Every structure is written in C-alpha cells, then in structure tokens.
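Novice: Starting off with a structure, shown below.
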Amino acid sequence: MNANLPLIAAFINFIVICVADTLSPEMQMYWENHMVQPYFDNTTKREVTAIAGQTCQLHCRVKSLGDRAVSWIRKRDLHILTVGILTYTNDQRFQSLHTDGSDEWTLRITSPQARDSGVYECQVSTEPKISQAFRVNVVVSKANILGNSELFVKSGSDINLTCEALQSPQPPSFIYWYKGGRVINYSQRGGISVLTEQQTRTSRLVISRASPSDSGNYTCAPSNSGK
C-alpha cells in the first residue's frame with residue numbers, strides 16, 4: 001500500500017477547501033447548493049408531550065440546506081402537511097414556521113387533539129430524500145378528587161376535599177373547583193379556602209362550618225385541561 005495515500009487525500013481535501021473559500025458569491029452559492037449535502041442537527045428534542053388544546057411545536061434544524069425544500073409529513077397516512085412555509089392540508093391547525101437565514105423549520109400544531117398523537121417526519125428534498133422522525137404524544141389533562149365518591153359531613157363541621165391533577169406533563173398553574181358544574185364563588189360564601197401545591201399537583205378545598213346548602217356534586221379541573 002502506498003504510504004503517500006493519506007498525504008494525497010489530505011492534499012486533495014485542502015485543495016477542495018481552498019477552492020470553496022475563493023469562489024465568487026454566485027459560485028459559492030452553486031457550490032453549497034450542489035456539492036454540500038444537507039444534514040440534520042440531532043440536538044433538537046425528538047419526542048414532545050403536549051396537552052390537548054394547547055399549541056405544541058416540533059423544531060427541525062437542517063444544516064447546509066442550499067436550495068432544497070423542507071417538508072413536514074404525517075407518518076401514519078404519509079400526508080404532506082407543509083412544504084417550505086406553505087401548508088398542503090385543509091387542516092389549518094398545521095403550520096410551518098421559518099425565519100430567513102435560520103436553519104430551523106418548525107411545525108406548529110394549534111389545539112392538538114389525542115388523534116394527533118403519532119410520528120411526524122421532517123423531510124429534505126435531496127436525492128435520495130433524508131428525513132428525521134419526531135413523536136408527539138397528546139394527553140388530556142384531567143383531575144380526580146381523592147377518597148370516596150360520597151362524603152357525609154355533619155352540619156357545622158368542615159368539608160375537606162383534595163384534588164389531584166393527572167396526565168399533565170407540567171404542573172397546572174391552578175386548579176378550578178366546581179359545585180354542580182359551576183365554578184365555586186368564594187366571595188358569595190365566606191369560610192372557603194383553597195391551597196394549591198404545584199409540586200404535588202394537588203389542590204385542597206376547605207369549606208368551614210358546612211350547612212345543608214353546601215350539599216352537592218363537587219368536581220375539579222386543572223387550568224390546562226381546556227375545560
């Protein structure tokens with residue numbers, strides 16, 4: 001084997017770099033568009049958990065794109081959602097975001113639903129095409145009142161209920177309390193206190209000196225449930 005081969009390879013590589021650096025702007029653009037192959041930045045988050053009803057975004061970064069186009073494809077039915085910044089679906093909840101000069105192409109899903117869960121591909125129009133897969137998990141944020149579904153309280157005693165937020169990728173800012181389907185009006189009846197703990201995703205409702213008028217069906221819902 002020729003011992004000079006590594007030197008020759010290094011010399012050829014040096015010539016290529018020097019040529020690329022000394023080209024005119026027009027030739028530089030041609031060089032980047034036809035000689036340099038695009039590739040993905042693999043540091044982006046590839047799995048996203050979204051809350052139903054709250055906008056989520058997938059960020060795809062493509063280096064050395066040149067004159068190629070970036071498309072977003074829904075994997076389950078191979079439906080083309082966007083090409084460049086144009087939307088190719090009747091579902092206007094899907095939109096491609098891109099800033100000139102940036103290497104980031106973002107798919108924004110407005111008001112995602114559970115049915116939108118699945119794999120989406122960021123695809124570049126090279127030959128052959130290259131793609132990067134992203135997984136979206138859409139969860140419906142719910143809440144549950146701990147303990148028995150029926151609670152009997154003696155008149156004059158305190159009502160003490162604890163609500164726990166479920167299936168929420170991030171703690172809700174606060175938790176709503178309802179009585180008979182209506183948000184409890186704290187100012188209408190005194191003696192009501194609510195303590196919400198974001199870390200434990202719980203909220204405690206205390207109604208002091210309960211009376212027969214406090215009887216009813218109590219429910220709760222996290223602020224990010226879209227209820």
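Chain labels A, B, ... are given in the sequence in which chains occur in the structure tokens; within each chain residues are numbered consecutively from 1, and ligands are likewise numbered from 1 in the order shown.
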Near region 171-187 of chain A, counting only C-alpha atoms, which residues have an atom at most 12 Å away, once you skip same-chain residues fewer than 3 positions from it, shown as an mmCIF file with all heavy atoms, in the first residue's frame?
Specialist:
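Output file selection-v6.cif is given in full below:
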```
data_model
loop_
_atom_site.group_PDB
_atom_site.id
_atom_site.type_symbol
_atom_site.label_atom_id
_atom_site.label_comp_id
_atom_site.auth_asym_id
_atom_site.auth_seq_id
_atom_site.Cartn_x
_atom_site.Cartn_y
_atom_site.Cartn_z
ATOM 1 N N ILE A 51 -50.337 18.970 25.744
ATOM 2 C CA ILE A 51 -51.643 18.919 26.401
ATOM 3 C C ILE A 51 -52.710 19.241 25.367
ATOM 4 O O ILE A 51 -52.566 20.192 24.587
ATOM 5 C CB ILE A 51 -51.708 19.921 27.563
ATOM 6 C CG1 ILE A 51 -50.642 19.586 28.615
ATOM 7 C CG2 ILE A 51 -53.087 19.932 28.209
ATOM 8 C CD1 ILE A 51 -50.524 20.610 29.710
ATOM 9 N N SER A 141 -55.387 16.456 29.970
ATOM 10 C CA SER A 141 -55.144 16.715 31.387
ATOM 11 C C SER A 141 -56.460 16.605 32.153
ATOM 12 O O SER A 141 -57.457 17.237 31.803
ATOM 13 C CB SER A 141 -54.537 18.106 31.567
ATOM 14 O OG SER A 141 -54.181 18.323 32.899
ATOM 15 N N LYS A 142 -56.449 15.766 33.186
ATOM 16 C CA LYS A 142 -57.654 15.540 33.982
ATOM 17 C C LYS A 142 -57.324 15.717 35.454
ATOM 18 O O LYS A 142 -56.172 15.909 35.844
ATOM 19 C CB LYS A 142 -58.198 14.128 33.731
ATOM 20 C CG LYS A 142 -58.611 13.860 32.292
ATOM 21 C CD LYS A 142 -59.068 12.424 32.127
ATOM 22 C CE LYS A 142 -59.448 12.138 30.676
ATOM 23 N NZ LYS A 142 -59.856 10.725 30.486
ATOM 24 N N ALA A 143 -58.357 15.620 36.287
ATOM 25 C CA ALA A 143 -58.162 15.703 37.732
ATOM 26 C C ALA A 143 -59.142 14.769 38.421
ATOM 27 O O ALA A 143 -60.196 14.426 37.869
ATOM 28 C CB ALA A 143 -58.352 17.135 38.216
ATOM 29 N N ASN A 144 -58.782 14.368 39.620
ATOM 30 C CA ASN A 144 -59.587 13.426 40.368
ATOM 31 C C ASN A 144 -59.601 13.832 41.833
ATOM 32 O O ASN A 144 -58.568 14.204 42.401
ATOM 33 C CB ASN A 144 -58.992 12.015 40.212
ATOM 34 C CG ASN A 144 -59.796 10.978 40.968
ATOM 35 O OD1 ASN A 144 -61.005 10.902 40.822
ATOM 36 N ND2 ASN A 144 -59.121 10.189 41.787
ATOM 37 N N ILE A 145 -60.802 13.772 42.458
ATOM 38 C CA ILE A 145 -60.907 14.057 43.886
ATOM 39 C C ILE A 145 -60.604 12.770 44.644
ATOM 40 O O ILE A 145 -61.215 11.725 44.394
ATOM 41 C CB ILE A 145 -62.306 14.594 44.248
ATOM 42 C CG1 ILE A 145 -62.537 15.947 43.552
ATOM 43 C CG2 ILE A 145 -62.448 14.755 45.759
ATOM 44 C CD1 ILE A 145 -63.915 16.542 43.796
ATOM 45 N N LEU A 161 -61.727 18.556 50.925
ATOM 46 C CA LEU A 161 -61.565 17.773 49.691
ATOM 47 C C LEU A 161 -60.191 18.040 49.084
ATOM 48 O O LEU A 161 -59.713 19.177 49.093
ATOM 49 C CB LEU A 161 -62.653 18.136 48.670
ATOM 50 C CG LEU A 161 -64.121 17.939 49.101
ATOM 51 C CD1 LEU A 161 -65.054 18.486 48.028
ATOM 52 C CD2 LEU A 161 -64.400 16.462 49.369
ATOM 53 N N THR A 162 -59.572 16.975 48.533
ATOM 54 C CA THR A 162 -58.270 17.111 47.876
ATOM 55 C C THR A 162 -58.373 16.633 46.438
ATOM 56 O O THR A 162 -58.857 15.528 46.163
ATOM 57 C CB THR A 162 -57.182 16.301 48.615
ATOM 58 O OG1 THR A 162 -57.072 16.779 49.953
ATOM 59 C CG2 THR A 162 -55.834 16.445 47.913
ATOM 60 N N CYS A 163 -57.915 17.486 45.513
ATOM 61 C CA CYS A 163 -57.960 17.182 44.079
ATOM 62 C C CYS A 163 -56.539 16.967 43.564
ATOM 63 O O CYS A 163 -55.615 17.712 43.916
ATOM 64 C CB CYS A 163 -58.612 18.347 43.339
ATOM 65 S SG CYS A 163 -58.597 18.206 41.538
ATOM 66 N N GLU A 164 -56.372 15.959 42.739
ATOM 67 C CA GLU A 164 -55.055 15.654 42.166
ATOM 68 C C GLU A 164 -55.121 15.740 40.644
ATOM 69 O O GLU A 164 -55.979 15.112 40.016
ATOM 70 C CB GLU A 164 -54.609 14.255 42.581
ATOM 71 C CG GLU A 164 -53.239 13.866 42.045
ATOM 72 C CD GLU A 164 -52.840 12.448 42.420
ATOM 73 O OE1 GLU A 164 -53.746 11.605 42.625
ATOM 74 O OE2 GLU A 164 -51.622 12.185 42.509
ATOM 75 N N ALA A 165 -54.218 16.534 40.049
ATOM 76 C CA ALA A 165 -54.156 16.652 38.588
ATOM 77 C C ALA A 165 -53.459 15.425 38.001
ATOM 78 O O ALA A 165 -52.444 14.970 38.526
ATOM 79 C CB ALA A 165 -53.413 17.920 38.187
ATOM 80 N N LEU A 166 -54.016 14.897 36.909
ATOM 81 C CA LEU A 166 -53.486 13.683 36.285
ATOM 82 C C LEU A 166 -53.098 13.949 34.835
ATOM 83 O O LEU A 166 -53.635 14.846 34.184
ATOM 84 C CB LEU A 166 -54.534 12.558 36.335
ATOM 85 C CG LEU A 166 -55.124 12.215 37.703
ATOM 86 C CD1 LEU A 166 -56.307 11.255 37.544
ATOM 87 C CD2 LEU A 166 -54.067 11.609 38.603
ATOM 88 N N GLN A 167 -52.179 13.140 34.332
ATOM 89 C CA GLN A 167 -51.789 13.139 32.913
ATOM 90 C C GLN A 167 -51.414 14.533 32.413
ATOM 91 O O GLN A 167 -51.755 14.922 31.303
ATOM 92 C CB GLN A 167 -52.915 12.572 32.044
ATOM 93 C CG GLN A 167 -53.215 11.109 32.318
ATOM 94 C CD GLN A 167 -54.305 10.567 31.417
ATOM 95 O OE1 GLN A 167 -55.193 11.290 30.988
ATOM 96 N NE2 GLN A 167 -54.252 9.283 31.129
ATOM 97 N N SER A 168 -50.725 15.273 33.223
ATOM 98 C CA SER A 168 -50.296 16.611 32.823
ATOM 99 C C SER A 168 -48.775 16.641 32.777
ATOM 100 O O SER A 168 -48.123 16.387 33.798
ATOM 101 C CB SER A 168 -50.823 17.656 33.813
ATOM 102 O OG SER A 168 -50.402 18.945 33.446
ATOM 103 N N GLY A 190 -68.586 32.952 52.586
ATOM 104 C CA GLY A 190 -67.338 33.040 53.328
ATOM 105 C C GLY A 190 -66.925 31.685 53.885
ATOM 106 O O GLY A 190 -67.659 30.699 53.797
ATOM 107 N N GLY A 191 -65.719 31.632 54.424
ATOM 108 C CA GLY A 191 -65.258 30.398 55.048
ATOM 109 C C GLY A 191 -64.733 29.352 54.084
ATOM 110 O O GLY A 191 -64.631 28.178 54.436
ATOM 111 N N ILE A 192 -64.400 29.765 52.855
ATOM 112 C CA ILE A 192 -63.859 28.834 51.863
ATOM 113 C C ILE A 192 -62.386 29.164 51.626
ATOM 114 O O ILE A 192 -62.028 30.319 51.397
ATOM 115 C CB ILE A 192 -64.622 28.920 50.518
ATOM 116 C CG1 ILE A 192 -66.078 28.523 50.702
ATOM 117 C CG2 ILE A 192 -63.967 28.017 49.480
ATOM 118 C CD1 ILE A 192 -66.907 28.646 49.432
ATOM 119 N N SER A 193 -61.538 28.150 51.684
ATOM 120 C CA SER A 193 -60.120 28.357 51.401
ATOM 121 C C SER A 193 -59.628 27.278 50.447
ATOM 122 O O SER A 193 -60.107 26.140 50.479
ATOM 123 C CB SER A 193 -59.296 28.338 52.701
ATOM 124 O OG SER A 193 -59.374 27.070 53.323
ATOM 125 N N VAL A 194 -58.694 27.647 49.590
ATOM 126 C CA VAL A 194 -58.118 26.719 48.608
ATOM 127 C C VAL A 194 -56.601 26.832 48.678
ATOM 128 O O VAL A 194 -56.052 27.944 48.615
ATOM 129 C CB VAL A 194 -58.605 27.016 47.175
ATOM 130 C CG1 VAL A 194 -57.878 26.138 46.171
ATOM 131 C CG2 VAL A 194 -60.102 26.812 47.072
ATOM 132 N N LEU A 195 -55.942 25.691 48.789
ATOM 133 C CA LEU A 195 -54.488 25.665 48.797
ATOM 134 C C LEU A 195 -54.015 24.745 47.680
ATOM 135 O O LEU A 195 -54.315 23.545 47.686
ATOM 136 C CB LEU A 195 -53.959 25.156 50.149
ATOM 137 C CG LEU A 195 -52.432 25.001 50.263
ATOM 138 C CD1 LEU A 195 -51.745 26.358 50.114
ATOM 139 C CD2 LEU A 195 -52.051 24.347 51.589
ATOM 140 N N THR A 196 -53.314 25.309 46.705
ATOM 141 C CA THR A 196 -52.820 24.530 45.564
ATOM 142 C C THR A 196 -51.312 24.352 45.668
ATOM 143 O O THR A 196 -50.587 25.334 45.866
ATOM 144 C CB THR A 196 -53.166 25.217 44.232
ATOM 145 O OG1 THR A 196 -54.589 25.352 44.131
ATOM 146 C CG2 THR A 196 -52.651 24.413 43.046
ATOM 147 N N GLU A 197 -50.863 23.115 45.547
ATOM 148 C CA GLU A 197 -49.432 22.788 45.580
ATOM 149 C C GLU A 197 -49.011 22.343 44.182
ATOM 150 O O GLU A 197 -49.417 21.268 43.730
ATOM 151 C CB GLU A 197 -49.162 21.670 46.591
ATOM 152 C CG GLU A 197 -49.374 22.081 48.045
ATOM 153 C CD GLU A 197 -48.231 22.931 48.573
ATOM 154 O OE1 GLU A 197 -47.205 23.053 47.876
ATOM 155 O OE2 GLU A 197 -48.376 23.488 49.672
ATOM 156 N N GLN A 198 -48.233 23.189 43.507
ATOM 157 C CA GLN A 198 -47.837 22.855 42.135
ATOM 158 C C GLN A 198 -46.930 21.627 42.079
ATOM 159 O O GLN A 198 -47.035 20.823 41.156
ATOM 160 C CB GLN A 198 -47.146 24.047 41.476
ATOM 161 C CG GLN A 198 -48.120 25.106 40.972
ATOM 162 C CD GLN A 198 -47.449 26.070 40.017
ATOM 163 O OE1 GLN A 198 -46.352 26.543 40.267
ATOM 164 N NE2 GLN A 198 -48.101 26.385 38.928
ATOM 165 N N GLN A 199 -46.039 21.496 43.054
ATOM 166 C CA GLN A 199 -45.098 20.381 43.031
ATOM 167 C C GLN A 199 -45.805 19.037 43.085
ATOM 168 O O GLN A 199 -45.475 18.103 42.358
ATOM 169 C CB GLN A 199 -44.115 20.489 44.207
ATOM 170 C CG GLN A 199 -42.818 21.185 43.826
ATOM 171 C CD GLN A 199 -41.744 20.990 44.889
ATOM 172 O OE1 GLN A 199 -42.032 20.984 46.072
ATOM 173 N NE2 GLN A 199 -40.510 20.849 44.464
ATOM 174 N N THR A 200 -46.803 18.928 43.969
ATOM 175 C CA THR A 200 -47.544 17.667 44.100
ATOM 176 C C THR A 200 -48.757 17.618 43.191
ATOM 177 O O THR A 200 -49.465 16.614 43.148
ATOM 178 C CB THR A 200 -48.001 17.471 45.556
ATOM 179 O OG1 THR A 200 -48.829 18.586 45.948
ATOM 180 C CG2 THR A 200 -46.803 17.390 46.488
ATOM 181 N N ARG A 201 -49.038 18.724 42.487
ATOM 182 C CA ARG A 201 -50.164 18.825 41.562
ATOM 183 C C ARG A 201 -51.482 18.545 42.262
ATOM 184 O O ARG A 201 -52.362 17.864 41.734
ATOM 185 C CB ARG A 201 -49.968 17.869 40.369
ATOM 186 C CG ARG A 201 -48.631 18.050 39.684
ATOM 187 C CD ARG A 201 -48.470 17.177 38.477
ATOM 188 N NE ARG A 201 -47.116 17.284 37.949
ATOM 189 C CZ ARG A 201 -46.791 17.146 36.671
ATOM 190 N NH1 ARG A 201 -47.713 16.886 35.783
ATOM 191 N NH2 ARG A 201 -45.537 17.264 36.275
ATOM 192 N N THR A 202 -51.612 19.066 43.469
ATOM 193 C CA THR A 202 -52.838 18.862 44.229
ATOM 194 C C THR A 202 -53.411 20.207 44.668
ATOM 195 O O THR A 202 -52.704 21.218 44.746
ATOM 196 C CB THR A 202 -52.586 18.005 45.483
ATOM 197 O OG1 THR A 202 -51.607 18.641 46.301
ATOM 198 C CG2 THR A 202 -52.124 16.607 45.114
ATOM 199 N N SER A 203 -54.714 20.184 44.949
ATOM 200 C CA SER A 203 -55.398 21.359 45.466
ATOM 201 C C SER A 203 -56.339 20.908 46.573
ATOM 202 O O SER A 203 -57.051 19.911 46.432
ATOM 203 C CB SER A 203 -56.189 22.057 44.354
ATOM 204 O OG SER A 203 -56.883 23.185 44.863
ATOM 205 N N ARG A 204 -56.328 21.642 47.649
ATOM 206 C CA ARG A 204 -57.162 21.290 48.802
ATOM 207 C C ARG A 204 -58.238 22.350 49.000
ATOM 208 O O ARG A 204 -57.934 23.544 49.124
ATOM 209 C CB ARG A 204 -56.283 21.171 50.050
ATOM 210 C CG ARG A 204 -57.024 20.726 51.295
ATOM 211 C CD ARG A 204 -56.065 20.705 52.479
ATOM 212 N NE ARG A 204 -56.763 20.441 53.732
ATOM 213 C CZ ARG A 204 -56.269 20.682 54.926
ATOM 214 N NH1 ARG A 204 -55.040 21.202 55.037
ATOM 215 N NH2 ARG A 204 -56.953 20.414 56.017
ATOM 216 N N LEU A 205 -59.492 21.909 49.009
ATOM 217 C CA LEU A 205 -60.636 22.791 49.217
ATOM 218 C C LEU A 205 -61.190 22.544 50.620
ATOM 219 O O LEU A 205 -61.517 21.406 50.969
ATOM 220 C CB LEU A 205 -61.724 22.518 48.173
ATOM 221 C CG LEU A 205 -63.071 23.220 48.392
ATOM 222 C CD1 LEU A 205 -62.931 24.727 48.166
ATOM 223 C CD2 LEU A 205 -64.137 22.641 47.456
ATOM 224 N N VAL A 206 -61.275 23.607 51.409
ATOM 225 C CA VAL A 206 -61.830 23.512 52.757
ATOM 226 C C VAL A 206 -63.014 24.479 52.872
ATOM 227 O O VAL A 206 -62.866 25.679 52.606
ATOM 228 C CB VAL A 206 -60.777 23.847 53.843
ATOM 229 C CG1 VAL A 206 -61.417 23.781 55.229
ATOM 230 C CG2 VAL A 206 -59.602 22.888 53.752
ATOM 231 N N ILE A 207 -64.169 23.917 53.235
ATOM 232 C CA ILE A 207 -65.364 24.722 53.465
ATOM 233 C C ILE A 207 -65.714 24.580 54.943
ATOM 234 O O ILE A 207 -66.080 23.488 55.406
ATOM 235 C CB ILE A 207 -66.543 24.246 52.588
ATOM 236 C CG1 ILE A 207 -66.149 24.304 51.107
ATOM 237 C CG2 ILE A 207 -67.781 25.097 52.843
ATOM 238 C CD1 ILE A 207 -67.205 23.749 50.169
ATOM 239 N N SER A 213 -76.949 23.797 52.626
ATOM 240 C CA SER A 213 -76.813 24.445 51.314
ATOM 241 C C SER A 213 -75.484 24.114 50.635
ATOM 242 O O SER A 213 -75.319 24.361 49.432
ATOM 243 C CB SER A 213 -76.944 25.966 51.459
ATOM 244 O OG SER A 213 -75.891 26.481 52.268
ATOM 245 N N ASP A 214 -74.540 23.558 51.378
ATOM 246 C CA ASP A 214 -73.245 23.169 50.806
ATOM 247 C C ASP A 214 -73.279 21.771 50.191
ATOM 248 O O ASP A 214 -72.289 21.334 49.592
ATOM 249 C CB ASP A 214 -72.145 23.216 51.882
ATOM 250 C CG ASP A 214 -71.881 24.637 52.381
ATOM 251 O OD1 ASP A 214 -71.790 25.543 51.528
ATOM 252 O OD2 ASP A 214 -71.777 24.829 53.606
ATOM 253 N N SER A 215 -74.400 21.075 50.356
ATOM 254 C CA SER A 215 -74.530 19.745 49.752
ATOM 255 C C SER A 215 -74.536 19.876 48.232
ATOM 256 O O SER A 215 -75.010 20.871 47.676
ATOM 257 C CB SER A 215 -75.831 19.076 50.208
ATOM 258 O OG SER A 215 -75.830 18.900 51.610
ATOM 259 N N GLY A 216 -73.986 18.878 47.548
ATOM 260 C CA GLY A 216 -73.986 18.900 46.086
ATOM 261 C C GLY A 216 -72.865 18.068 45.509
ATOM 262 O O GLY A 216 -72.149 17.356 46.226
ATOM 263 N N ASN A 217 -72.719 18.157 44.205
ATOM 264 C CA ASN A 217 -71.690 17.397 43.482
ATOM 265 C C ASN A 217 -70.490 18.304 43.228
ATOM 266 O O ASN A 217 -70.584 19.298 42.501
ATOM 267 C CB ASN A 217 -72.275 16.884 42.155
ATOM 268 C CG ASN A 217 -71.278 16.045 41.385
ATOM 269 O OD1 ASN A 217 -70.498 15.299 41.974
ATOM 270 N ND2 ASN A 217 -71.288 16.180 40.065
ATOM 271 N N TYR A 218 -69.347 17.949 43.795
ATOM 272 C CA TYR A 218 -68.124 18.746 43.659
ATOM 273 C C TYR A 218 -67.173 18.059 42.666
ATOM 274 O O TYR A 218 -66.971 16.843 42.717
ATOM 275 C CB TYR A 218 -67.429 18.903 45.008
ATOM 276 C CG TYR A 218 -68.157 19.825 45.973
ATOM 277 C CD1 TYR A 218 -69.226 19.357 46.727
ATOM 278 C CD2 TYR A 218 -67.774 21.156 46.114
ATOM 279 C CE1 TYR A 218 -69.898 20.196 47.605
ATOM 280 C CE2 TYR A 218 -68.439 22.000 46.994
ATOM 281 C CZ TYR A 218 -69.504 21.515 47.732
ATOM 282 O OH TYR A 218 -70.176 22.354 48.596
ATOM 283 N N THR A 219 -66.620 18.855 41.774
ATOM 284 C CA THR A 219 -65.621 18.357 40.823
ATOM 285 C C THR A 219 -64.480 19.361 40.742
ATOM 286 O O THR A 219 -64.580 20.487 41.243
ATOM 287 C CB THR A 219 -66.219 18.155 39.411
ATOM 288 O OG1 THR A 219 -66.789 19.397 38.962
ATOM 289 C CG2 THR A 219 -67.282 17.067 39.412
ATOM 290 N N CYS A 220 -63.394 18.949 40.093
ATOM 291 C CA CYS A 220 -62.244 19.836 39.943
ATOM 292 C C CYS A 220 -61.628 19.621 38.563
ATOM 293 O O CYS A 220 -61.825 18.572 37.942
ATOM 294 C CB CYS A 220 -61.216 19.606 41.037
ATOM 295 S SG CYS A 220 -60.586 17.911 41.104
ATOM 296 N N ALA A 221 -60.880 20.604 38.109
ATOM 297 C CA ALA A 221 -60.213 20.502 36.806
ATOM 298 C C ALA A 221 -58.984 21.391 36.792
ATOM 299 O O ALA A 221 -59.026 22.531 37.279
ATOM 300 C CB ALA A 221 -61.150 20.919 35.675
ATOM 301 N N PRO A 222 -57.849 20.894 36.266
ATOM 302 C CA PRO A 222 -56.642 21.719 36.178
ATOM 303 C C PRO A 222 -56.827 22.845 35.169
ATOM 304 O O PRO A 222 -57.613 22.722 34.216
ATOM 305 C CB PRO A 222 -55.562 20.734 35.735
ATOM 306 C CG PRO A 222 -56.302 19.619 35.082
ATOM 307 C CD PRO A 222 -57.624 19.536 35.754
ATOM 308 N N SER A 223 -56.109 23.933 35.364
ATOM 309 C CA SER A 223 -56.245 25.100 34.489
ATOM 310 C C SER A 223 -55.830 24.795 33.053
ATOM 311 O O SER A 223 -56.231 25.501 32.131
ATOM 312 C CB SER A 223 -55.418 26.260 35.027
ATOM 313 O OG SER A 223 -54.054 25.883 35.150
ATOM 314 N N ASN A 224 -55.031 23.739 32.841
ATOM 315 C CA ASN A 224 -54.586 23.421 31.479
ATOM 316 C C ASN A 224 -55.380 22.283 30.851
ATOM 317 O O ASN A 224 -54.960 21.664 29.907
ATOM 318 C CB ASN A 224 -53.100 23.055 31.476
ATOM 319 C CG ASN A 224 -52.773 21.936 32.462
ATOM 320 O OD1 ASN A 224 -53.650 21.261 32.971
ATOM 321 N ND2 ASN A 224 -51.485 21.743 32.713
ATOM 322 N N SER A 225 -56.599 22.043 31.391
ATOM 323 C CA SER A 225 -57.400 20.940 30.842
ATOM 324 C C SER A 225 -58.253 21.373 29.666
ATOM 325 O O SER A 225 -58.775 20.546 28.924
ATOM 326 C CB SER A 225 -58.343 20.388 31.931
ATOM 327 O OG SER A 225 -59.326 21.337 32.283
ATOM 328 N N GLY A 226 -58.397 22.699 29.485
ATOM 329 C CA GLY A 226 -59.218 23.201 28.396
ATOM 330 C C GLY A 226 -60.691 23.084 28.659
ATOM 331 O O GLY A 226 -61.519 23.237 27.769
ATOM 332 N N LYS A 227 -61.048 22.785 29.926
ATOM 333 C CA LYS A 227 -62.448 22.638 30.275
ATOM 334 C C LYS A 227 -63.151 23.981 30.202
ATOM 335 O O LYS A 227 -62.605 24.970 30.640
ATOM 336 C CB LYS A 227 -62.590 22.035 31.681
ATOM 337 C CG LYS A 227 -64.027 21.843 32.118
ATOM 338 C CD LYS A 227 -64.096 21.094 33.441
ATOM 339 C CE LYS A 227 -65.537 20.936 33.897
ATOM 340 N NZ LYS A 227 -65.669 20.180 35.161
#
```
Novice: In region 32-140 of chain A, what's strand (DSSP E or B) per DSSP? Answer as a ChimeraX atom specification?
Specialist: /A:39-40,47-51,56-63,70-74,79-83,86-87,94-97,104-109,118-124,130-139
Novice: Out of A:Ala69, A:Val119, A:Leu146, A:Leu81, which residue has the shortest atom-to-atom distance to Gln132 (chain A) when counting only C-alpha atoms?
Specialist: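 Checking each of A:Ala69, A:Val119, A:Leu146, A:Leu81 against Gln132 (chain A), counting only C-alpha atoms, the winner is A:Val119.
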Novice: I'd like to know which residues of region 10-168 of chain A are alpha helix (DSSP H) (by DSSP, run on the backbone); could you write them as a compact mmCIF listing (two decimals) with C-alpha atoms, in the first residue's frame?
Specialist:
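Saved the output as result.txt:
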```
# COMPACT_ATOMS: atom_id res chain seq x y z
CA ALA A 10 -5.24 15.40 2.85
CA PHE A 11 -3.83 17.44 -0.04
CA ILE A 12 -6.97 16.89 -2.14
CA ASN A 13 -9.15 17.88 0.82
CA PHE A 14 -7.04 21.02 1.29
CA ILE A 15 -7.48 21.94 -2.38
CA VAL A 16 -11.27 21.46 -2.14
CA ILE A 17 -11.50 23.70 0.93
CA CYS A 18 -9.28 26.36 -0.67
CA VAL A 19 -11.32 26.32 -3.88
CA ALA A 20 -14.58 26.66 -1.95
CA ASP A 21 -13.19 29.59 0.03
CA PRO A 25 -20.58 34.67 -4.24
CA GLU A 26 -22.51 33.18 -7.18
CA MET A 27 -20.19 30.17 -7.44
CA GLN A 28 -20.17 29.84 -3.65
CA MET A 29 -23.96 29.53 -3.72
CA TYR A 30 -23.75 26.96 -6.52
CA TRP A 31 -21.12 25.04 -4.54
CA GLU A 32 -23.28 24.98 -1.40
CA ASN A 33 -26.40 24.02 -3.34
CA HIS A 34 -24.86 21.18 -5.36
```
Novice: Quick check, in Å to one decimal: how far apart do CA of Val83 (chain A) and CA of Ser131 (chain A) lie?
Specialist: 13.4 Å
Novice: Compile the contact shell of Asp100 (chain A) as a list in words: residues with an atom at most 12 Å away, counting only C-alpha atoms, same-chain residues fewer than 5 positions apart removed.
Specialist: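 Result of the neighbour search: Gly84, Ile85 and Trp105 of chain A.
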Novice: Could you dump the residues just selected with N, CA and C atoms as a PDB file, in the first residue's frame?
Specialist:
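Just written: again.pdb:
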```
ATOM      1  N   GLY A  84     -41.897  23.858   2.641  1.00  0.00           N
ATOM      2  CA  GLY A  84     -41.399  25.211   2.894  1.00  0.00           C
ATOM      3  C   GLY A  84     -42.277  25.846   3.960  1.00  0.00           C
ATOM      4  N   ILE A  85     -42.795  27.037   3.675  1.00  0.00           N
ATOM      5  CA  ILE A  85     -43.703  27.680   4.627  1.00  0.00           C
ATOM      6  C   ILE A  85     -45.158  27.581   4.165  1.00  0.00           C
ATOM      7  N   TRP A 105     -36.773  24.787  10.992  1.00  0.00           N
ATOM      8  CA  TRP A 105     -38.089  24.676  10.376  1.00  0.00           C
ATOM      9  C   TRP A 105     -39.010  24.057  11.422  1.00  0.00           C
TER      10      TRP A 105
END
```
Novice: Give me, please, the distance in Å between CA of Leu58 (chain A) and CA of Asn90 (chain A), quoted to one decimal.
Specialist: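 Spanning CA of Leu58 (chain A) to CA of Asn90 (chain A) is a straight-line distance of 19.5 Å.
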Novice: Would you kindly return, as a PyMOL selection string, each protein, DNA or RNA residue with an atom no farther than 10 Å from any atom of region 124-128 of chain A, considering only C-alpha atoms and excluding same-chain residues fewer than 6 positions away?
Specialist: chain A and resi 37-40+62+65+67-72+83-84
Novice: Just the number, please: distance in Å from CA of Arg93 (chain A) to CA of Asp41 (chain A), one decimal.
Specialist: 25.8 Å
